[in-house]
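Peer 1: The structure's right below; bear with me while I get my questions together.
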Amino acid sequence: MSHDCLFCKIARHEIPARIVHEDDEFLAFHDINPAAPVHLLLMPKHHVASLAAVGSTDDAWLARMLLLVPKLAFANGCNPLPDGGFRLVANAGTEGGQEIDHLHFHILGGARPWSKRAAPAA
Ligand code: AMP
Ligand code: ZN
């Protein structure tokens with residue numbers, strides 16, 4: 001854990017968050033500035049800077065994290081397919097738009113329109 005990292009502080013419950021899921025490895029909570037009707041953040045509790053910082057020894061927990069995504073999306077307001085769905089985003093680095101240097105997935109969904117922040121680039 002990193003003492004100065006905001007998301008590590010959330011993982012340690014030192015900063016409040018609207019938590020929707022917690023287990024030994026992961027925490028999911030509502031984004032404080034949602035870009036869509038459903039906007040969750042899912043992160044590992046241990047400090048990992050970004051998806052650019054993972055390697056082959058991270059495969060098992062990364063797979064478990066990915067498998068949580070559809071469960072959390074549909075349990076927290078994303079509508080069923082085919083008309084509903086969700087978007088999964090992971091920003092990495094400055095040009096990737098990453099603001100918090102602790103790996104997290106954005107899980108976005110709900111009825112459109114969404115904010116331009118979450119709109120497709122093209
Ligand atoms: P990123 O740009 O991918 O690093 O995304 C960081 C996200 O964290 C942004 O969408 C912020 O709105 C969100 N955020 C920042 N601080 C908090 C907080 N204290 N609780 C919940 N979400 C936060
Ligand atoms: Zn951290």
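Each chain of the structure tokens is named A, B, ... in the order shown, its residues numbered from 1; ligands are numbered from 1 in display order.
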At a cut-off of 8 Å, using only C-alpha atoms, what residues contact region 24-35 of chain A? Leave out same-chain residues fewer than 6 positions from it and give the result as an mmCIF file with C-alpha atoms, in the first residue's frame.

Peer 2:
```cif
data_model
loop_
_atom_site.group_PDB
_atom_site.id
_atom_site.type_symbol
_atom_site.label_atom_id
_atom_site.label_comp_id
_atom_site.auth_asym_id
_atom_site.auth_seq_id
_atom_site.Cartn_x
_atom_site.Cartn_y
_atom_site.Cartn_z
ATOM 1 C CA ALA A 11 -9.000 0.795 0.424
ATOM 2 C CA ALA A 17 -16.559 6.115 -0.543
ATOM 3 C CA ARG A 18 -19.897 4.745 -1.685
ATOM 4 C CA LEU A 41 -14.608 2.239 -10.105
ATOM 5 C CA LEU A 42 -13.166 -1.222 -9.444
ATOM 6 C CA MET A 43 -9.638 -1.538 -8.096
ATOM 7 C CA PRO A 44 -7.296 -3.999 -6.428
ATOM 8 C CA LYS A 45 -6.756 -3.190 -2.754
ATOM 9 C CA HIS A 46 -3.012 -3.504 -3.159
ATOM 10 C CA MET A 65 -10.912 -8.559 -11.326
ATOM 11 C CA LEU A 108 -20.018 2.854 -17.129
ATOM 12 C CA TRP A 114 -23.837 10.224 -21.155
ATOM 13 C CA SER A 115 -21.502 13.108 -20.461
ATOM 14 C CA LYS A 116 -18.996 14.001 -23.173
ATOM 15 C CA ARG A 117 -16.299 12.732 -20.774
ATOM 16 C CA ALA A 118 -17.519 9.186 -21.415
#
```

Peer 1: Give the strand (DSSP E or B) residues of chain A, as DSSP finds them on the backbone, and put them as number ranges by chain.

Peer 2: A: 19-22, 26-30, 38-44, 86-89, 105-109

Peer 1: Just the selected residues (C-alpha atoms), exported as a PDB file, in the first residue's frame, please.

Peer 2:
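See out.pdb below for the written result:
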```pdb
ATOM      1  CA  ILE A  19     -18.736   1.144  -1.713  1.00  0.00           C
ATOM      2  CA  VAL A  20     -20.733  -1.405  -3.703  1.00  0.00           C
ATOM      3  CA  HIS A  21     -18.386  -4.365  -3.379  1.00  0.00           C
ATOM      4  CA  GLU A  22     -15.546  -5.364  -1.110  1.00  0.00           C
ATOM      5  CA  PHE A  26     -10.881  -5.745  -4.545  1.00  0.00           C
ATOM      6  CA  LEU A  27     -12.992  -2.714  -3.799  1.00  0.00           C
ATOM      7  CA  ALA A  28     -15.653  -1.161  -6.030  1.00  0.00           C
ATOM      8  CA  PHE A  29     -17.311   2.179  -5.382  1.00  0.00           C
ATOM      9  CA  HIS A  30     -19.214   4.936  -7.126  1.00  0.00           C
ATOM     10  CA  VAL A  38     -23.843   4.169 -13.611  1.00  0.00           C
ATOM     11  CA  HIS A  39     -20.176   4.939 -13.037  1.00  0.00           C
ATOM     12  CA  LEU A  40     -18.304   2.541 -10.782  1.00  0.00           C
ATOM     13  CA  LEU A  41     -14.608   2.239 -10.105  1.00  0.00           C
ATOM     14  CA  LEU A  42     -13.166  -1.222  -9.444  1.00  0.00           C
ATOM     15  CA  MET A  43      -9.638  -1.538  -8.096  1.00  0.00           C
ATOM     16  CA  PRO A  44      -7.296  -3.999  -6.428  1.00  0.00           C
ATOM     17  CA  PHE A  86     -21.758  -1.421 -20.031  1.00  0.00           C
ATOM     18  CA  ARG A  87     -18.427   0.109 -20.982  1.00  0.00           C
ATOM     19  CA  LEU A  88     -15.119  -0.856 -19.377  1.00  0.00           C
ATOM     20  CA  VAL A  89     -12.330   1.759 -19.392  1.00  0.00           C
ATOM     21  CA  PHE A 105     -11.448   0.081 -14.061  1.00  0.00           C
ATOM     22  CA  HIS A 106     -14.247   2.492 -14.890  1.00  0.00           C
ATOM     23  CA  ILE A 107     -17.529   0.610 -15.350  1.00  0.00           C
ATOM     24  CA  LEU A 108     -20.018   2.854 -17.129  1.00  0.00           C
ATOM     25  CA  GLY A 109     -23.592   2.273 -18.133  1.00  0.00           C
TER      26      GLY A 109
END
```

Peer 1: Please give me, as a list in words, the residues lying within 12 Å of ligand 2 when counting only C-alpha atoms and all ligand atoms.

Peer 2: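 The residues within 12 Å of ligand 2, counting only C-alpha atoms and all ligand atoms, are Met1, Ser2, His3, Asp4, Cys5, Leu6, Phe7, Cys8, Lys9, Ile10, Ala11, Arg12, Leu27, Met43, Pro44, Lys45, His46, His47, Val48, Ala49, Ser50, Ile100, Asp101, His102, Leu103 and His104 of chain A.
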
Peer 1: Could you jot down the CA of Arg64 (chain A) to atom 3 (O, counted along the ligand's line) of ligand 1 separation for me, Å, one decimal place?

Peer 2: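 We find that CA of Arg64 (chain A) and atom 3 (O, counted along the ligand's line) of ligand 1 lie 19.9 Å from each other.
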
Peer 1: Give me every helix (DSSP H, G or I) residue in region 6-75 of chain A, going by DSSP on the backbone, as a list in words.

Peer 2: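 Of region 6-75 of chain A, the ones in helix (DSSP H, G or I) are Leu6, Phe7, Cys8, Lys9, Ile10, Ala11, Leu51, Ala52, Ala53, Ser56, Thr57, Asp58, Asp59, Ala60, Trp61, Leu62, Ala63, Arg64, Met65, Leu66, Leu67, Leu68, Val69, Pro70, Lys71, Leu72, Ala73, Phe74 and Ala75 of chain A.
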
Peer 1: For a test of reading the model, state the distance in Å between CA of Gly77 (chain A) and CA of Ala36 (chain A), rounded to one decimal.

Peer 2: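 One can read the CA of Gly77 (chain A) to CA of Ala36 (chain A) distance as 11.0 Å.
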
Peer 1: To one decimal place in Å, what is the distance between CA of Ala92 (chain A) and CA of Leu72 (chain A)?

Peer 2: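 CA of Leu72 (chain A) lies 21.8 Å from CA of Ala92 (chain A).
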
Peer 1: From the list A:Glu95, A:Pro70, A:Arg112, A:Asn79, which residue is nearest ligand 1 when using only C-alpha atoms and all ligand atoms?

Peer 2: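 Closest to ligand 1, using only C-alpha atoms and all ligand atoms: A:Glu95.
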
Peer 1: With only C-alpha atoms and all ligand atoms as the basis for distance, which of A:Leu81, A:Ala60, A:Leu51, A:Ala73 is at the shortest distance from ligand 1?

Peer 2: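 Checking each candidate against ligand 1, we get A:Leu51 as the closest.
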